[in-house]
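To start, the structure itself, in structure tokens.
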Amino acid sequence: MKKQYRNVFAEIGIDPAQVEERLTQIRDVYFYGKEEERVYYTAGNDMAYIMDTGNNDARTEGMSYGMMLCVQLDMHAEFDRLWKWAKNYMWMQDGENEGYFAWSCATDGTKNADSPAPDGEEFFAMALFFASHRWGDREGIFNYSHEAKEILRACLHKGENGRPGVPMWNKENHQILFVPGCDFTDPSYHLPHFYELFALWAYEEDREFWAQAAKESRRYLAAACHPKTGFSAEYAEFDGSPMHRKLPWTDDRHDWFYSDSYRTVANIGLDYEWFGIDEGQCHAAQAIQEFLLEDGRANTYHIYETDGSIAGEQALHPVAIPATVAMSVLAASTAYSREWVERFWNLPMRTGDRRYYDNCLYFFAFLALSGNYRIW
């Protein structure tokens, strides 16, 4: 297992002590900052949640992200608080989706939905495996490795042997689904670097599936990212093409380069940093650094079609875009890589109502570029 991780900030001449100081500042703002800065909130004596400050709820995305940040930073108490809140309020014990987590809850724990979002489950499982390896398993819900394996079992085996519901992965093409049972995916949900590790640590009967999923997801990402821009759509067909179909639950578009999509090249960067395998997906990292160069220099990011055409004048998450493009440097060194890393280094965290999503991706990018987003 890999033990050495790049500190890209140090590679461009920033003092490692300064990098560590900055990481501590980011941690303190994210978890314990002022009201317009933090997203972590304690609940009672032993629980906590991550708030989506733009929607005033807690989501499996944010809860699992918070747990991953905690295990990377050795924040054991905060990790347990978040996990207990998720397990207590989000986990569904019966019905069609038993064994999954409700994707959105009010901050008092009341479920806003009775359906899951698969990116939450995969991040929960990975964070729990890392917690097991870093801190050791305890009893009950703090038997981290057991909890992770059970989540993955549900993800693959719902609907079998009388168990209600449907799985989160297409068992034929090994692709994660946008929601269980649907016939399309979300490119930013594809995490081959997680699947490589699930293939080592999941229940033995599922390990071959996860090994194949890692291979297929890299190939999928190569197909899903536009060759000129490196952009993926928010939702996409199984062949990687943008998903243009109208959805029954929304009139919103999801076939463009928009909020979910920003994570795709960041994931490609971390996957390559951890495993160094390129099935063509790393081209997206090169393409996005080059295509967004002038917008980055102008600090003006738009809403884009996947081919780069401007579809809207102002991106909703202008901090997330340069953060994730900087993280893509882990997968592709270009003439502009240093510029993107320096731009990110000089970029402040976001404040205000929309800070949650931007600062989650900002935090992950800083961890990865400083060599602190590691396999445990």
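Ordering of the structure tokens sets the chain letters (A, B, ...), residue numbers begin anew at 1 in every chain, and ligands are numbered from 1 in the order given.
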
Near A:Tyr373, counting only C-alpha atoms, which residues have an atom at most 12 Å away, once you skip same-chain residues fewer than 2 positions from it, shown as a CSV table (one decimal) with N, CA and C atoms, in the first residue's frame?
```
chain,number,residue,atom,x,y,z
A,2,LYS,N,0.5,2.3,-0.7
A,2,LYS,CA,1.3,3.4,-0.9
A,2,LYS,C,1.5,4.2,0.4
A,3,LYS,N,2.7,4.6,0.7
A,3,LYS,CA,3.1,5.3,1.9
A,3,LYS,C,3.6,6.7,1.7
A,4,GLN,N,3.9,7.0,0.4
A,4,GLN,CA,4.5,8.4,0.1
A,4,GLN,C,3.4,9.1,-0.7
A,5,TYR,N,3.2,10.4,-0.3
A,5,TYR,CA,2.2,11.2,-1.0
A,5,TYR,C,2.8,12.5,-1.4
A,6,ARG,N,2.5,13.0,-2.5
A,6,ARG,CA,3.1,14.3,-3.0
A,6,ARG,C,2.6,15.5,-2.2
A,7,ASN,N,3.4,16.4,-1.8
A,7,ASN,CA,3.1,17.7,-1.3
A,7,ASN,C,3.3,18.7,-2.5
A,23,LEU,N,-3.3,24.3,6.7
A,23,LEU,CA,-4.3,23.2,6.9
A,23,LEU,C,-5.0,23.3,8.2
A,68,MET,N,-14.9,11.7,6.4
A,68,MET,CA,-13.7,11.4,5.7
A,68,MET,C,-12.6,12.5,6.1
A,69,LEU,N,-13.0,13.7,6.2
A,69,LEU,CA,-12.1,14.8,6.7
A,69,LEU,C,-11.6,14.5,8.1
A,70,CYS,N,-12.5,14.0,8.9
A,70,CYS,CA,-12.1,13.7,10.3
A,70,CYS,C,-11.1,12.6,10.4
A,71,VAL,N,-11.3,11.5,9.6
A,71,VAL,CA,-10.4,10.4,9.7
A,71,VAL,C,-9.0,10.8,9.1
A,72,GLN,N,-9.0,11.6,8.1
A,72,GLN,CA,-7.8,12.0,7.5
A,72,GLN,C,-7.0,12.9,8.5
A,73,LEU,N,-7.7,13.7,9.3
A,73,LEU,CA,-7.0,14.6,10.3
A,73,LEU,C,-6.9,14.1,11.7
A,74,ASP,N,-7.3,12.8,11.9
A,74,ASP,CA,-7.2,12.2,13.2
A,74,ASP,C,-8.1,12.9,14.2
A,127,ALA,N,-14.8,5.9,4.6
A,127,ALA,CA,-14.4,6.6,5.9
A,127,ALA,C,-14.4,5.6,7.0
A,130,PHE,N,-11.3,3.3,6.8
A,130,PHE,CA,-10.2,4.1,7.3
A,130,PHE,C,-10.2,4.2,8.8
A,267,ASN,N,-11.7,13.8,-8.5
A,267,ASN,CA,-11.6,12.3,-8.2
A,267,ASN,C,-10.6,11.7,-9.1
A,269,GLY,N,-7.9,13.0,-10.1
A,269,GLY,CA,-6.6,13.4,-9.5
A,269,GLY,C,-6.2,12.5,-8.4
A,270,LEU,N,-7.2,12.3,-7.4
A,270,LEU,CA,-6.9,11.5,-6.2
A,270,LEU,C,-6.7,10.1,-6.6
A,271,ASP,N,-7.5,9.6,-7.5
A,271,ASP,CA,-7.3,8.2,-8.0
A,271,ASP,C,-5.9,8.0,-8.5
A,273,GLU,N,-3.2,9.8,-7.9
A,273,GLU,CA,-2.2,9.9,-6.8
A,273,GLU,C,-2.1,8.6,-6.0
A,274,TRP,N,-3.3,8.0,-5.7
A,274,TRP,CA,-3.3,6.8,-4.9
A,274,TRP,C,-2.8,5.5,-5.7
A,327,MET,N,-6.7,20.4,-8.0
A,327,MET,CA,-6.5,19.0,-7.6
A,327,MET,C,-6.3,18.1,-8.8
A,330,LEU,N,-2.7,16.5,-9.8
A,330,LEU,CA,-2.2,15.2,-9.4
A,330,LEU,C,-2.3,14.2,-10.5
A,363,PHE,N,-11.5,21.9,0.9
A,363,PHE,CA,-10.8,21.2,2.0
A,363,PHE,C,-10.2,19.9,1.4
A,364,PHE,N,-11.0,19.2,0.6
A,364,PHE,CA,-10.4,18.0,0.0
A,364,PHE,C,-9.3,18.3,-0.9
A,365,ALA,N,-9.4,19.4,-1.7
A,365,ALA,CA,-8.3,19.7,-2.6
A,365,ALA,C,-7.0,20.1,-1.8
A,366,PHE,N,-7.2,20.8,-0.7
A,366,PHE,CA,-6.0,21.2,0.1
A,366,PHE,C,-5.4,19.9,0.7
A,367,LEU,N,-6.2,19.0,1.2
A,367,LEU,CA,-5.7,17.8,1.8
A,367,LEU,C,-4.9,17.0,0.7
A,368,ALA,N,-5.4,16.9,-0.5
A,368,ALA,CA,-4.8,16.1,-1.5
A,368,ALA,C,-3.5,16.7,-2.0
A,369,LEU,N,-3.5,18.0,-2.2
A,369,LEU,CA,-2.3,18.7,-2.7
A,369,LEU,C,-1.2,18.9,-1.7
A,370,SER,N,-1.6,18.7,-0.4
A,370,SER,CA,-0.6,18.8,0.6
A,370,SER,C,-0.1,17.4,1.1
A,371,GLY,N,-0.6,16.4,0.4
A,371,GLY,CA,-0.1,15.0,0.7
A,371,GLY,C,-0.8,14.5,2.0
A,375,ILE,N,-4.5,6.9,2.1
A,375,ILE,CA,-5.1,5.6,2.4
A,375,ILE,C,-4.7,5.1,3.8
A,376,TRP,N,-5.7,4.8,4.6
A,376,TRP,CA,-5.4,4.3,6.0
A,376,TRP,C,-5.8,2.9,6.1
```

Run DSSP on the backbone and give me the residues of stretch 210-375 of chain A it puts in helix (DSSP H, G or I), as a PyMOL selection string.
chain A and resi 210-224+259-275+283-291+293-298+320-330+337-345+355-369

Hey, what's within 6 Å of A:Pro116 if we count only C-alpha atoms and toss same-chain stuff fewer than 6 positions away? As a PyMOL selection string, please?
chain A and resi 101-103

Option closest in space to A:Trp91, from A:Phe257, A:Phe79, A:Phe129, A:Phe124 [counting only C-alpha atoms]:
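For A:Trp91, the nearest of the candidates is A:Phe124.
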
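For the residues A:Thr351, A:Ser333, A:Ile288, A:Gln212, ranking by smallest atom-to-atom distance to A:Ile321 using only C-alpha atoms places A:Ile288 first.
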
Name the residues in contact with A:His226 at a cut-off of 8 Å, using only C-alpha atoms, excluding same-chain residues fewer than 6 positions from it; report them as number ranges by chain.
A: 232, 284, 306-307

Can you list, as a CSV table (one decimal) with all heavy atoms, in the first residue's frame, every protein, DNA or RNA residue that comes within 9 Å of A:Cys282 when you count only C-alpha atoms, leaving out same-chain residues fewer than 3 positions away?
```
chain,number,residue,atom,x,y,z
A,221,LEU,N,-14.9,7.1,-17.0
A,221,LEU,CA,-14.5,8.5,-16.8
A,221,LEU,C,-13.8,9.0,-18.1
A,221,LEU,O,-14.0,10.2,-18.5
A,221,LEU,CB,-13.7,8.6,-15.6
A,221,LEU,CG,-14.4,8.5,-14.3
A,221,LEU,CD1,-13.4,8.4,-13.1
A,221,LEU,CD2,-15.4,9.6,-14.0
A,222,ALA,N,-13.0,8.2,-18.7
A,222,ALA,CA,-12.4,8.6,-20.0
A,222,ALA,C,-13.4,8.9,-21.0
A,222,ALA,O,-13.3,9.8,-21.8
A,222,ALA,CB,-11.5,7.5,-20.4
A,265,VAL,N,-13.0,15.8,-12.0
A,265,VAL,CA,-11.5,15.8,-12.2
A,265,VAL,C,-10.8,15.7,-10.9
A,265,VAL,O,-9.6,15.3,-10.9
A,265,VAL,CB,-11.1,17.0,-13.0
A,265,VAL,CG1,-11.6,16.9,-14.5
A,265,VAL,CG2,-11.6,18.3,-12.4
A,268,ILE,N,-10.5,12.1,-10.3
A,268,ILE,CA,-9.5,11.6,-11.2
A,268,ILE,C,-8.1,11.8,-10.7
A,268,ILE,O,-7.2,11.0,-10.7
A,268,ILE,CB,-9.6,12.1,-12.6
A,268,ILE,CG1,-10.9,11.6,-13.3
A,268,ILE,CG2,-8.4,11.9,-13.5
A,268,ILE,CD1,-11.3,12.2,-14.6
A,269,GLY,N,-7.9,13.0,-10.1
A,269,GLY,CA,-6.6,13.4,-9.5
A,269,GLY,C,-6.2,12.5,-8.4
A,269,GLY,O,-5.1,12.0,-8.3
A,272,TYR,N,-5.4,8.9,-9.4
A,272,TYR,CA,-4.1,8.7,-9.9
A,272,TYR,C,-3.0,8.9,-8.9
A,272,TYR,O,-2.0,8.2,-8.9
A,272,TYR,CB,-3.9,9.7,-11.1
A,272,TYR,CG,-2.6,9.4,-11.9
A,272,TYR,CD1,-2.7,8.3,-12.8
A,272,TYR,CD2,-1.5,10.1,-11.7
A,272,TYR,CE1,-1.5,8.0,-13.5
A,272,TYR,CE2,-0.3,9.7,-12.5
A,272,TYR,CZ,-0.4,8.7,-13.3
A,272,TYR,OH,0.7,8.3,-14.0
A,277,ILE,N,-2.9,4.6,-12.1
A,277,ILE,CA,-3.4,3.9,-13.2
A,277,ILE,C,-4.2,4.8,-14.1
A,277,ILE,O,-5.1,5.5,-13.7
A,277,ILE,CB,-4.3,2.7,-12.8
A,277,ILE,CG1,-3.6,1.7,-11.8
A,277,ILE,CG2,-4.9,2.0,-14.0
A,277,ILE,CD1,-4.5,0.7,-11.2
A,278,ASP,N,-3.8,4.9,-15.4
A,278,ASP,CA,-4.5,5.7,-16.4
A,278,ASP,C,-5.1,4.9,-17.5
A,278,ASP,O,-4.4,4.2,-18.2
A,278,ASP,CB,-3.5,6.7,-17.0
A,278,ASP,CG,-4.2,7.7,-17.9
A,278,ASP,OD1,-5.4,7.7,-17.9
A,278,ASP,OD2,-3.4,8.4,-18.6
A,279,GLU,N,-6.4,4.9,-17.5
A,279,GLU,CA,-7.2,4.2,-18.6
A,279,GLU,C,-7.7,5.2,-19.6
A,279,GLU,O,-8.7,4.9,-20.3
A,279,GLU,CB,-8.3,3.4,-18.0
A,279,GLU,CG,-7.9,2.2,-17.1
A,279,GLU,CD,-7.4,1.0,-17.9
A,279,GLU,OE1,-7.5,1.1,-19.1
A,279,GLU,OE2,-6.9,0.1,-17.2
A,285,ALA,N,-7.9,15.8,-16.9
A,285,ALA,CA,-7.2,16.7,-16.0
A,285,ALA,C,-6.3,17.7,-16.8
A,285,ALA,O,-6.3,18.9,-16.5
A,285,ALA,CB,-6.3,15.9,-15.1
A,286,GLN,N,-5.7,17.2,-17.9
A,286,GLN,CA,-4.9,18.1,-18.8
A,286,GLN,C,-5.8,19.1,-19.5
A,286,GLN,O,-5.6,20.3,-19.6
A,286,GLN,CB,-4.1,17.3,-19.8
A,286,GLN,CG,-3.4,18.1,-20.9
A,286,GLN,CD,-2.8,17.2,-21.9
A,286,GLN,OE1,-2.4,16.0,-21.7
A,286,GLN,NE2,-2.6,17.8,-23.1
A,287,ALA,N,-6.9,18.5,-20.0
A,287,ALA,CA,-7.8,19.4,-20.8
A,287,ALA,C,-8.5,20.5,-20.0
A,287,ALA,O,-8.6,21.6,-20.5
A,287,ALA,CB,-8.9,18.5,-21.5
A,328,SER,N,-6.7,18.5,-9.9
A,328,SER,CA,-6.5,17.7,-11.1
A,328,SER,C,-5.0,17.6,-11.5
A,328,SER,O,-4.6,16.7,-12.2
A,328,SER,CB,-7.3,18.2,-12.3
A,328,SER,OG,-6.6,19.4,-12.9
A,331,ALA,N,-3.1,14.4,-11.5
A,331,ALA,CA,-3.2,13.4,-12.6
A,331,ALA,C,-2.6,13.9,-13.9
A,331,ALA,O,-2.5,13.1,-14.8
A,331,ALA,CB,-4.7,13.1,-12.8
A,332,ALA,N,-2.2,15.1,-14.0
A,332,ALA,CA,-1.7,15.6,-15.2
A,332,ALA,C,-0.8,16.9,-15.0
A,332,ALA,O,-1.3,17.8,-14.4
A,332,ALA,CB,-2.8,16.0,-16.2
```

Pick from A:Asp251, A:Glu237, A:Glu196, A:Glu121, whichever lies nearest to A:Phe275 using only C-alpha atoms:
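Going through A:Asp251, A:Glu237, A:Glu196, A:Glu121 one by one, the smallest distance to A:Phe275 is for A:Glu196.
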
For A:Ser132, which residue out of A:Asn88, A:Cys182, A:Gly308, A:Asp80 is the nearest one, using only C-alpha atoms?
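Among A:Asn88, A:Cys182, A:Gly308, A:Asp80, it is A:Asp80 that comes nearest to A:Ser132.
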
Residue with the minimum atom-to-atom distance to A:Gly280, picked from A:Ser261, A:Thr110, A:Asn97, A:Ser217 with only C-alpha atoms counted, is A:Ser217

Could you name the residues that touch A:Arg81 at 12 Å or less, counting only C-alpha atoms, but leaving out those on the same chain fewer than 5 positions away, as a ChimeraX atom specification?
/A:40-50,63-64,66-67,70,75-76,86-88,141-142

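Of the residues under consideration (A:Glu208, A:Glu122, A:Glu160, A:Glu35), A:Glu122 shows the shortest atom-to-atom contact distance to A:Tyr189 when counting only C-alpha atoms.
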
Excluding A:Tyr362 and residues on its chain fewer than 2 positions from it, collect all residues at most 8 Å away from it, counting only C-alpha atoms, and give them as number ranges by chain.
A: 319-320, 323-324, 349, 358-360, 364-366

Export of the given selection (N, CA, C and O atoms) as a JSON list (two decimals), in the first residue's frame:
```json
[["chain", "number", "residue", "atom", "x", "y", "z"],
["A", 319, "VAL", "N", -15.74, 28.93, -6.06],
["A", 319, "VAL", "CA", -14.56, 28.47, -5.33],
["A", 319, "VAL", "C", -14.28, 27.00, -5.64],
["A", 319, "VAL", "O", -13.13, 26.57, -5.75],
["A", 320, "ALA", "N", -15.35, 26.23, -5.82],
["A", 320, "ALA", "CA", -15.20, 24.79, -6.09],
["A", 320, "ALA", "C", -14.46, 24.55, -7.40],
["A", 320, "ALA", "O", -13.69, 23.58, -7.51],
["A", 323, "ALA", "N", -10.61, 25.06, -7.12],
["A", 323, "ALA", "CA", -10.10, 24.07, -6.17],
["A", 323, "ALA", "C", -9.97, 22.71, -6.83],
["A", 323, "ALA", "O", -8.95, 22.02, -6.68],
["A", 324, "THR", "N", -10.99, 22.30, -7.55],
["A", 324, "THR", "CA", -10.96, 20.97, -8.16],
["A", 324, "THR", "C", -10.02, 20.93, -9.36],
["A", 324, "THR", "O", -9.38, 19.91, -9.61],
["A", 349, "MET", "N", -11.24, 30.63, 1.48],
["A", 349, "MET", "CA", -12.45, 29.83, 1.61],
["A", 349, "MET", "C", -13.67, 30.74, 1.42],
["A", 349, "MET", "O", -13.59, 31.95, 1.60],
["A", 358, "ASP", "N", -18.71, 24.54, -1.71],
["A", 358, "ASP", "CA", -17.40, 25.05, -2.12],
["A", 358, "ASP", "C", -16.32, 24.65, -1.14],
["A", 358, "ASP", "O", -15.24, 24.21, -1.53],
["A", 359, "ASN", "N", -16.60, 24.82, 0.16],
["A", 359, "ASN", "CA", -15.55, 24.58, 1.14],
["A", 359, "ASN", "C", -15.29, 23.11, 1.39],
["A", 359, "ASN", "O", -14.17, 22.73, 1.78],
["A", 360, "CYS", "N", -16.27, 22.24, 1.13],
["A", 360, "CYS", "CA", -15.99, 20.80, 1.17],
["A", 360, "CYS", "C", -14.96, 20.44, 0.10],
["A", 360, "CYS", "O", -13.96, 19.75, 0.38],
["A", 364, "PHE", "N", -10.97, 19.18, 0.60],
["A", 364, "PHE", "CA", -10.43, 17.96, -0.01],
["A", 364, "PHE", "C", -9.25, 18.28, -0.91],
["A", 364, "PHE", "O", -8.25, 17.56, -0.93],
["A", 365, "ALA", "N", -9.36, 19.36, -1.69],
["A", 365, "ALA", "CA", -8.26, 19.73, -2.59],
["A", 365, "ALA", "C", -7.01, 20.08, -1.80],
["A", 365, "ALA", "O", -5.90, 19.68, -2.17],
["A", 366, "PHE", "N", -7.18, 20.79, -0.70],
["A", 366, "PHE", "CA", -6.00, 21.16, 0.09],
["A", 366, "PHE", "C", -5.37, 19.92, 0.72],
["A", 366, "PHE", "O", -4.14, 19.78, 0.74]]
```

Once DSSP has gone over the backbone, tell me which residues of stretch 280-362 of chain A are in strand (DSSP E or B), as a JSON list (two decimals) with all heavy atoms, in the first residue's frame.
```
[["chain", "number", "residue", "atom", "x", "y", "z"],
["A", 303, "ILE", "N", -21.37, 28.94, -16.17],
["A", 303, "ILE", "CA", -22.04, 27.66, -16.35],
["A", 303, "ILE", "C", -21.78, 27.26, -17.80],
["A", 303, "ILE", "O", -21.96, 28.06, -18.71],
["A", 303, "ILE", "CB", -23.55, 27.78, -16.08],
["A", 303, "ILE", "CG1", -23.79, 28.25, -14.65],
["A", 303, "ILE", "CG2", -24.25, 26.44, -16.33],
["A", 303, "ILE", "CD1", -25.23, 28.65, -14.37],
["A", 304, "TYR", "N", -21.31, 26.01, -17.99],
["A", 304, "TYR", "CA", -20.86, 25.59, -19.30],
["A", 304, "TYR", "C", -21.61, 24.36, -19.79],
["A", 304, "TYR", "O", -21.99, 23.49, -18.99],
["A", 304, "TYR", "CB", -19.37, 25.22, -19.28],
["A", 304, "TYR", "CG", -18.44, 26.28, -18.74],
["A", 304, "TYR", "CD1", -18.13, 26.30, -17.38],
["A", 304, "TYR", "CD2", -17.86, 27.22, -19.57],
["A", 304, "TYR", "CE1", -17.25, 27.25, -16.86],
["A", 304, "TYR", "CE2", -16.97, 28.17, -19.07],
["A", 304, "TYR", "CZ", -16.68, 28.18, -17.71],
["A", 304, "TYR", "OH", -15.80, 29.12, -17.21],
["A", 310, "ILE", "N", -20.75, 28.59, -23.33],
["A", 310, "ILE", "CA", -21.27, 29.21, -22.12],
["A", 310, "ILE", "C", -22.78, 29.09, -22.08],
["A", 310, "ILE", "O", -23.48, 29.50, -23.00],
["A", 310, "ILE", "CB", -20.83, 30.69, -22.04],
["A", 310, "ILE", "CG1", -19.31, 30.76, -21.88],
["A", 310, "ILE", "CG2", -21.52, 31.40, -20.89],
["A", 310, "ILE", "CD1", -18.74, 32.16, -21.87],
["A", 311, "ALA", "N", -23.28, 28.50, -21.01],
["A", 311, "ALA", "CA", -24.73, 28.28, -20.85],
["A", 311, "ALA", "C", -25.34, 29.20, -19.80],
["A", 311, "ALA", "O", -26.55, 29.29, -19.68],
["A", 311, "ALA", "CB", -24.99, 26.83, -20.48],
["A", 312, "GLY", "N", -24.50, 29.87, -19.04],
["A", 312, "GLY", "CA", -24.97, 30.79, -18.01],
["A", 312, "GLY", "C", -23.82, 31.66, -17.57],
["A", 312, "GLY", "O", -22.66, 31.26, -17.64]]
```

So how many Å separate atom CA of A:Glu234 and atom CA of A:Pro187, to one decimal?
6.8 Å
